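Colleague: What follows is target_38.pdb; its format and atoms are PDB, C-alpha atoms, pLDDT in the B column.
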```pdb
ATOM      1  CA  MET I   3      96.229 -68.729 106.828  1.00 75.00           C
ATOM      2  CA  SER I   4      97.830 -67.765 110.135  1.00 87.00           C
ATOM      3  CA  PHE I   5      95.959 -68.037 113.416  1.00 92.00           C
ATOM      4  CA  LEU I   6      95.959 -64.507 114.862  1.00 94.00           C
ATOM      5  CA  LEU I   7      96.288 -64.630 118.638  1.00 96.00           C
ATOM      6  CA  GLY I   8      95.666 -61.380 120.457  1.00 95.00           C
ATOM      7  CA  LEU I   9      97.806 -61.160 123.589  1.00 96.00           C
ATOM      8  CA  THR I  10      96.760 -58.636 126.203  1.00 93.00           C
ATOM      9  CA  GLY I  11      96.936 -57.828 129.879  1.00 91.00           C
ATOM     10  CA  GLY I  12      97.076 -54.816 132.144  1.00 85.00           C
ATOM     11  CA  ILE I  13     100.211 -52.951 133.113  1.00 85.00           C
ATOM     12  CA  GLY I  14     102.592 -55.068 135.172  1.00 86.00           C
ATOM     13  CA  MET I  15     100.880 -58.346 134.368  1.00 88.00           C
ATOM     14  CA  GLY I  16     103.883 -59.884 132.580  1.00 88.00           C
ATOM     15  CA  LYS I  17     102.831 -59.458 128.968  1.00 90.00           C
ATOM     16  CA  SER I  18     106.364 -58.674 127.759  1.00 90.00           C
ATOM     17  CA  THR I  19     107.655 -61.866 129.362  1.00 92.00           C
ATOM     18  CA  ALA I  20     104.816 -63.850 127.786  1.00 95.00           C
ATOM     19  CA  SER I  21     105.568 -62.302 124.373  1.00 94.00           C
ATOM     20  CA  GLN I  22     109.187 -63.394 124.678  1.00 94.00           C
ATOM     21  CA  MET I  23     108.064 -66.924 125.553  1.00 95.00           C
ATOM     22  CA  PHE I  24     106.035 -67.076 122.317  1.00 96.00           C
ATOM     23  CA  ARG I  25     109.105 -65.794 120.410  1.00 95.00           C
ATOM     24  CA  ASP I  26     111.271 -68.422 122.100  1.00 95.00           C
ATOM     25  CA  LEU I  27     108.865 -71.061 120.753  1.00 95.00           C
ATOM     26  CA  GLY I  28     109.428 -69.683 117.237  1.00 94.00           C
ATOM     27  CA  HIS I  29     106.227 -67.679 116.792  1.00 96.00           C
ATOM     28  CA  PRO I  30     106.343 -64.174 115.295  1.00 96.00           C
ATOM     29  CA  VAL I  31     105.166 -61.486 117.722  1.00 96.00           C
ATOM     30  CA  TRP I  32     104.052 -57.968 116.814  1.00 96.00           C
ATOM     31  CA  ASP I  33     104.295 -55.493 119.678  1.00 94.00           C
ATOM     32  CA  ALA I  34     101.930 -52.495 119.684  1.00 92.00           C
ATOM     33  CA  ASP I  35     104.122 -50.535 122.120  1.00 90.00           C
ATOM     34  CA  ALA I  36     107.185 -51.050 119.901  1.00 92.00           C
ATOM     35  CA  ALA I  37     105.145 -49.875 116.899  1.00 94.00           C
ATOM     36  CA  VAL I  38     104.253 -46.652 118.745  1.00 92.00           C
ATOM     37  CA  HIS I  39     107.925 -46.112 119.598  1.00 92.00           C
ATOM     38  CA  ARG I  40     108.792 -46.451 115.882  1.00 94.00           C
ATOM     39  CA  LEU I  41     105.998 -44.039 114.927  1.00 95.00           C
ATOM     40  CA  TYR I  42     107.230 -41.476 117.499  1.00 95.00           C
ATOM     41  CA  ALA I  43     110.910 -41.771 116.505  1.00 94.00           C
ATOM     42  CA  PRO I  44     112.594 -39.241 114.164  1.00 95.00           C
ATOM     43  CA  GLY I  45     111.023 -39.691 110.721  1.00 93.00           C
ATOM     44  CA  GLY I  46     108.135 -41.717 112.175  1.00 93.00           C
ATOM     45  CA  ALA I  47     104.717 -41.305 110.595  1.00 93.00           C
ATOM     46  CA  ALA I  48     103.171 -39.955 113.826  1.00 95.00           C
ATOM     47  CA  VAL I  49     105.730 -37.189 114.458  1.00 95.00           C
ATOM     48  CA  ALA I  50     104.243 -34.439 112.274  1.00 93.00           C
ATOM     49  CA  PRO I  51     100.545 -35.010 113.089  1.00 94.00           C
ATOM     50  CA  VAL I  52     101.209 -35.354 116.841  1.00 94.00           C
ATOM     51  CA  ALA I  53     103.339 -32.186 116.797  1.00 93.00           C
ATOM     52  CA  ALA I  54     100.543 -30.340 114.998  1.00 92.00           C
ATOM     53  CA  ALA I  55      97.921 -31.489 117.516  1.00 91.00           C
ATOM     54  CA  PHE I  56     100.168 -30.990 120.574  1.00 91.00           C
ATOM     55  CA  PRO I  57     102.658 -28.184 119.899  1.00 91.00           C
ATOM     56  CA  GLY I  58     105.813 -28.354 121.991  1.00 89.00           C
ATOM     57  CA  VAL I  59     105.991 -32.149 122.436  1.00 92.00           C
ATOM     58  CA  LEU I  60     108.899 -32.722 120.030  1.00 91.00           C
ATOM     59  CA  ARG I  61     112.510 -33.073 121.078  1.00 91.00           C
ATOM     60  CA  ASP I  62     115.288 -33.821 118.574  1.00 92.00           C
ATOM     61  CA  GLY I  63     112.753 -34.601 115.841  1.00 92.00           C
ATOM     62  CA  ALA I  64     110.876 -37.204 117.872  1.00 94.00           C
ATOM     63  CA  VAL I  65     107.742 -37.160 120.006  1.00 94.00           C
ATOM     64  CA  ASP I  66     108.959 -36.858 123.594  1.00 91.00           C
ATOM     65  CA  ARG I  67     106.706 -39.182 125.576  1.00 89.00           C
ATOM     66  CA  GLY I  68     107.359 -37.285 128.816  1.00 87.00           C
ATOM     67  CA  LEU I  69     106.307 -33.970 127.284  1.00 90.00           C
ATOM     68  CA  LEU I  70     103.273 -35.614 125.669  1.00 91.00           C
ATOM     69  CA  LYS I  71     102.324 -37.246 128.991  1.00 86.00           C
ATOM     70  CA  ALA I  72     102.466 -33.851 130.702  1.00 86.00           C
ATOM     71  CA  ARG I  73     100.255 -32.304 128.001  1.00 87.00           C
ATOM     72  CA  LEU I  74      97.715 -35.118 128.324  1.00 86.00           C
ATOM     73  CA  ALA I  75      97.685 -34.837 132.123  1.00 82.00           C
ATOM     74  CA  ALA I  76      96.729 -31.169 131.713  1.00 84.00           C
ATOM     75  CA  ASP I  77      94.210 -31.914 128.941  1.00 84.00           C
ATOM     76  CA  PRO I  78      92.587 -35.370 129.362  1.00 78.00           C
ATOM     77  CA  ALA I  79      90.385 -34.698 126.326  1.00 85.00           C
ATOM     78  CA  GLY I  80      93.598 -34.848 124.309  1.00 87.00           C
ATOM     79  CA  PHE I  81      93.649 -38.647 124.627  1.00 86.00           C
ATOM     80  CA  ALA I  82      90.882 -38.924 122.027  1.00 86.00           C
ATOM     81  CA  ARG I  83      92.761 -36.625 119.623  1.00 90.00           C
ATOM     82  CA  LEU I  84      95.963 -38.601 120.121  1.00 91.00           C
ATOM     83  CA  GLU I  85      94.192 -41.931 119.596  1.00 88.00           C
ATOM     84  CA  GLY I  86      92.621 -40.583 116.407  1.00 90.00           C
ATOM     85  CA  ILE I  87      96.107 -39.898 115.060  1.00 93.00           C
ATOM     86  CA  VAL I  88      98.011 -42.908 116.339  1.00 91.00           C
ATOM     87  CA  HIS I  89      95.512 -45.788 116.158  1.00 89.00           C
ATOM     88  CA  PRO I  90      95.194 -45.828 112.334  1.00 92.00           C
ATOM     89  CA  LEU I  91      98.998 -45.723 111.997  1.00 94.00           C
ATOM     90  CA  VAL I  92      99.399 -48.583 114.472  1.00 91.00           C
ATOM     91  CA  ALA I  93      96.711 -50.601 112.653  1.00 90.00           C
ATOM     92  CA  ALA I  94      98.570 -50.136 109.348  1.00 93.00           C
ATOM     93  CA  ASP I  95     101.849 -51.253 110.966  1.00 94.00           C
ATOM     94  CA  ARG I  96     100.102 -54.353 112.370  1.00 92.00           C
ATOM     95  CA  ALA I  97      98.549 -55.205 108.990  1.00 92.00           C
ATOM     96  CA  GLU I  98     101.963 -54.999 107.302  1.00 93.00           C
ATOM     97  CA  PHE I  99     103.451 -57.325 109.927  1.00 95.00           C
ATOM     98  CA  VAL I 100     100.642 -59.880 109.577  1.00 93.00           C
ATOM     99  CA  ALA I 101     100.945 -59.840 105.774  1.00 93.00           C
ATOM    100  CA  ALA I 102     104.696 -60.467 106.050  1.00 94.00           C
ATOM    101  CA  GLN I 103     104.055 -63.524 108.278  1.00 93.00           C
ATOM    102  CA  ALA I 104     101.617 -65.196 105.877  1.00 86.00           C
ATOM    103  CA  GLY I 105     103.301 -68.615 106.140  1.00 88.00           C
ATOM    104  CA  ALA I 106     103.388 -68.756 109.939  1.00 93.00           C
ATOM    105  CA  PRO I 107     100.805 -71.047 111.555  1.00 93.00           C
ATOM    106  CA  LEU I 108     100.524 -68.728 114.594  1.00 95.00           C
ATOM    107  CA  VAL I 109     101.061 -64.959 114.751  1.00 95.00           C
ATOM    108  CA  VAL I 110     100.903 -63.271 118.159  1.00 96.00           C
ATOM    109  CA  LEU I 111      99.708 -59.674 118.340  1.00 96.00           C
ATOM    110  CA  ASP I 112     100.755 -58.077 121.646  1.00 94.00           C
ATOM    111  CA  ILE I 113      98.192 -55.303 122.199  1.00 91.00           C
ATOM    112  CA  PRO I 114      97.918 -53.817 125.714  1.00 87.00           C
ATOM    113  CA  LEU I 115      94.522 -52.177 125.086  1.00 82.00           C
ATOM    114  CA  LEU I 116      93.131 -54.935 122.859  1.00 85.00           C
ATOM    115  CA  PHE I 117      89.630 -55.009 124.361  1.00 87.00           C
ATOM    116  CA  GLU I 118      89.540 -51.275 125.092  1.00 82.00           C
ATOM    117  CA  GLY I 119      90.267 -50.507 121.432  1.00 81.00           C
ATOM    118  CA  GLY I 120      87.985 -53.204 119.980  1.00 82.00           C
ATOM    119  CA  SER I 121      90.882 -55.084 118.331  1.00 83.00           C
ATOM    120  CA  GLN I 122      89.607 -58.472 119.519  1.00 83.00           C
ATOM    121  CA  ALA I 123      87.223 -58.431 116.531  1.00 84.00           C
ATOM    122  CA  GLY I 124      90.157 -59.089 114.194  1.00 86.00           C
ATOM    123  CA  MET I 125      91.596 -61.973 116.226  1.00 92.00           C
ATOM    124  CA  ASP I 126      91.037 -65.708 115.951  1.00 94.00           C
ATOM    125  CA  GLY I 127      91.555 -65.989 119.703  1.00 95.00           C
ATOM    126  CA  VAL I 128      92.640 -63.936 122.702  1.00 95.00           C
ATOM    127  CA  ALA I 129      94.981 -64.774 125.572  1.00 96.00           C
ATOM    128  CA  VAL I 130      95.169 -62.530 128.623  1.00 95.00           C
ATOM    129  CA  VAL I 131      98.208 -62.424 130.896  1.00 94.00           C
ATOM    130  CA  SER I 132      97.098 -62.112 134.504  1.00 93.00           C
ATOM    131  CA  ALA I 133      98.586 -61.932 137.987  1.00 91.00           C
ATOM    132  CA  PRO I 134      97.129 -61.163 141.402  1.00 89.00           C
ATOM    133  CA  ALA I 135      96.545 -57.439 142.015  1.00 86.00           C
ATOM    134  CA  ALA I 136      99.249 -57.289 144.719  1.00 88.00           C
ATOM    135  CA  VAL I 137     101.822 -58.765 142.322  1.00 87.00           C
ATOM    136  CA  GLN I 138     100.782 -56.331 139.584  1.00 86.00           C
ATOM    137  CA  ARG I 139     101.047 -53.337 141.916  1.00 86.00           C
ATOM    138  CA  ALA I 140     104.486 -54.364 143.223  1.00 86.00           C
ATOM    139  CA  ARG I 141     105.817 -54.881 139.682  1.00 88.00           C
ATOM    140  CA  VAL I 142     104.550 -51.524 138.452  1.00 85.00           C
ATOM    141  CA  LEU I 143     105.691 -49.490 141.444  1.00 88.00           C
ATOM    142  CA  ALA I 144     109.173 -51.048 141.129  1.00 89.00           C
ATOM    143  CA  ARG I 145     109.591 -49.388 137.709  1.00 88.00           C
ATOM    144  CA  PRO I 146     111.864 -46.333 137.652  1.00 90.00           C
ATOM    145  CA  GLY I 147     109.915 -43.091 137.952  1.00 85.00           C
ATOM    146  CA  MET I 148     106.555 -44.796 138.511  1.00 84.00           C
ATOM    147  CA  THR I 149     104.336 -43.261 141.152  1.00 84.00           C
ATOM    148  CA  GLU I 150     101.114 -44.444 142.746  1.00 86.00           C
ATOM    149  CA  ALA I 151      99.295 -41.598 140.939  1.00 84.00           C
ATOM    150  CA  ASP I 152     100.725 -42.688 137.570  1.00 82.00           C
ATOM    151  CA  PHE I 153      99.743 -46.292 138.292  1.00 86.00           C
ATOM    152  CA  GLN I 154      96.174 -45.296 139.198  1.00 84.00           C
ATOM    153  CA  MET I 155      95.864 -43.124 136.065  1.00 81.00           C
ATOM    154  CA  ILE I 156      96.999 -46.032 133.875  1.00 81.00           C
ATOM    155  CA  LEU I 157      94.626 -48.458 135.616  1.00 81.00           C
ATOM    156  CA  SER I 158      91.734 -46.030 135.067  1.00 80.00           C
ATOM    157  CA  ARG I 159      92.273 -46.290 131.306  1.00 79.00           C
ATOM    158  CA  GLN I 160      92.418 -50.100 131.293  1.00 82.00           C
ATOM    159  CA  MET I 161      89.614 -52.633 131.523  1.00 83.00           C
ATOM    160  CA  PRO I 162      89.684 -54.435 134.898  1.00 87.00           C
ATOM    161  CA  ASP I 163      91.658 -57.687 134.894  1.00 88.00           C
ATOM    162  CA  ALA I 164      88.613 -59.769 135.853  1.00 88.00           C
ATOM    163  CA  ASP I 165      86.726 -58.443 132.814  1.00 91.00           C
ATOM    164  CA  LYS I 166      89.640 -59.248 130.497  1.00 92.00           C
ATOM    165  CA  ARG I 167      89.912 -62.773 131.886  1.00 91.00           C
ATOM    166  CA  ALA I 168      86.164 -63.290 131.404  1.00 93.00           C
ATOM    167  CA  ARG I 169      86.371 -62.238 127.744  1.00 93.00           C
ATOM    168  CA  ALA I 170      89.555 -64.162 126.854  1.00 94.00           C
ATOM    169  CA  ASP I 171      89.803 -67.597 125.285  1.00 95.00           C
ATOM    170  CA  TRP I 172      92.890 -68.383 127.392  1.00 96.00           C
ATOM    171  CA  VAL I 173      94.371 -67.002 130.613  1.00 95.00           C
ATOM    172  CA  ILE I 174      98.131 -67.051 131.153  1.00 96.00           C
ATOM    173  CA  PRO I 175      98.875 -66.896 134.897  1.00 94.00           C
ATOM    174  CA  SER I 176     102.066 -64.883 135.305  1.00 90.00           C
ATOM    175  CA  ASP I 177     102.663 -65.080 139.036  1.00 89.00           C
ATOM    176  CA  THR I 178     105.325 -67.716 138.241  1.00 88.00           C
ATOM    177  CA  VAL I 179     107.496 -68.072 135.139  1.00 90.00           C
ATOM    178  CA  GLU I 180     106.869 -71.825 135.061  1.00 92.00           C
ATOM    179  CA  GLY I 181     103.093 -71.390 135.179  1.00 92.00           C
ATOM    180  CA  ALA I 182     103.164 -68.844 132.371  1.00 92.00           C
ATOM    181  CA  ARG I 183     105.408 -71.021 130.204  1.00 94.00           C
ATOM    182  CA  ALA I 184     103.200 -74.106 130.737  1.00 95.00           C
ATOM    183  CA  ALA I 185     100.066 -72.131 129.817  1.00 95.00           C
ATOM    184  CA  ILE I 186     101.713 -70.784 126.648  1.00 96.00           C
ATOM    185  CA  VAL I 187     102.844 -74.260 125.570  1.00 95.00           C
ATOM    186  CA  ASP I 188      99.263 -75.485 126.114  1.00 94.00           C
ATOM    187  CA  ILE I 189      97.833 -72.572 124.081  1.00 96.00           C
ATOM    188  CA  CYS I 190     100.184 -73.291 121.175  1.00 94.00           C
ATOM    189  CA  ALA I 191      99.279 -76.985 121.270  1.00 92.00           C
ATOM    190  CA  ALA I 192      95.568 -76.161 121.238  1.00 92.00           C
ATOM    191  CA  ILE I 193      95.943 -73.849 118.248  1.00 91.00           C
ATOM    192  CA  MET I 194      98.275 -75.978 116.190  1.00 82.00           C
TER     193      MET I 194
END
```
Before we go any further, please render this structure as structure tokens.
Modeller:
Amino acid sequence: MSFLLGLTGGIGMGKSTASQMFRDLGHPVWDADAAVHRLYAPGGAAVAPVAAAFPGVLRDGAVDRGLLKARLAADPAGFARLEGIVHPLVAADRAEFVAAQAGAPLVVLDIPLLFEGGSQAGMDGVAVVSAPAAVQRARVLARPGMTEADFQMILSRQMPDADKRARADWVIPSDTVEGARAAIVDICAAIM
């Protein structure tokens, strides 16, 4: 039976880098954001139901995230409708991935909103990637097209970093690459 490690952290905390470090150590990693991209792509299971709930958000047979973002900004209540469509599809994708990794001693599940969505209940342990608030802010605002307003909106939908750290089994400090790598090696050693 695989140990299921939930990996989470707020925007700009370095979760993608941490995920790659687990991959580099030979552990399979499922990425919730990548699953959503697949579901929104042409032929993806979320395309038709999202288009029905939010008319006008399709472009070239795919859910256009920019158009969807604009619709949600105008209708914040739409987040609950969207989550009702997408979350079950993402959960099914995750279950398929875990089943396919049955022989792996450690499976990492990269889920940005792990605590917010209650997914920690299905994990054997949780690691949170964390950096100081100033580092997080600088990383996020350096992204193309990111504004302070966008950053604040995203933060408002995420559990505060201190709360995530308090609920996690392990904290991966991501202010330096070396510190993050050392913490991940220690986590793997503790699990295996």
Colleague: For each of I:Asp26, I:Gln160, I:Val52, I:Ala136, take the minimum atom-to-atom distance to Ile113 of chain I, counting all atoms listed in the file, then give the residue where this is smallest.
Modeller: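 Of I:Asp26, I:Gln160, I:Val52, I:Ala136, the one nearest Ile113 of chain I is I:Gln160, counting all atoms listed in the file.
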Colleague: Given the file above and the PyMOL selection byres ((chain I and resi 69) around 12), which residues are selected, and can you give them as a list in words?
Modeller: Val52, Ala53, Phe56, Pro57, Gly58, Val59, Leu60, Arg61, Ala64, Val65, Asp66, Arg67, Gly68, Leu70, Lys71, Ala72, Arg73, Leu74, Ala75 and Ala76 of chain I
Colleague: Please expand the PyMOL selection byres ((chain I and resi 189) around 12) into the concrete residues it hits in this file, giving the result as a VMD selection string.
Modeller: chain I and resid 5 7 to 9 20 23 to 24 27 108 110 127 to 130 171 to 174 182 to 188 190 to 194
Colleague: Go ahead and compute the interatomic distance for atom CA of Phe81 of chain I and atom CA of Arg169 of chain I, in Å to one decimal.
Modeller: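 Distance reported for this atom pair: 24.9 Å.
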Colleague: Find, counting only C-alpha atoms, the residue in I:Arg40, I:Arg167, I:His89, I:Arg145 that gets nearest to Ala133 of chain I.
Modeller: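 Closest to Ala133 of chain I of all the choices is I:Arg167.
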Colleague: Please indicate the distance in Å from atom CA of Val31 of chain I to atom CA of Arg96 of chain I, rounded to one decimal place.
Modeller: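 Between atom CA of Val31 of chain I and atom CA of Arg96 of chain I the gap is 10.3 Å.
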Colleague: Please compute the atom CA of Arg141 of chain I-atom CA of Asp163 of chain I distance, one decimal, in Å.
Modeller: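 Pair atom CA of Arg141 of chain I / atom CA of Asp163 of chain I returns 15.2 Å.
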Colleague: Name the residues that the PyMOL selection byres ((chain I and resi 41) around 12) picks from the file above, as number ranges by chain, using the file's chain letters and numbers.
Modeller: I: 34-40, 42-52, 63-67, 87-95
Colleague: As JSON, please: the centre and edge lengths in Å, to one decimal, of an axis-aligned box enclosing every listed atom of segment 178-184 of chain I with 5 Å added on each side.
Modeller:
```
{"center_x": 105.3, "center_y": -70.9, "center_z": 134.2, "size_x": 14.4, "size_y": 16.4, "size_z": 18.0}
```
Colleague: As a PyMOL selection string, please: the residues near Lys17 of chain I (cut-off 7 Å, all atoms listed in the file, same-chain neighbours under 6 positions excluded).
Modeller: chain I and resi 10-11+131
Colleague: From the set I:Met161, I:Ala170, I:Gly14, I:Met3, which residue has the shortest atom-to-atom contact distance to Leu115 of chain I, counting all atoms listed in the file?
Modeller: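 Smallest separation from Leu115 of chain I among the options: I:Met161.
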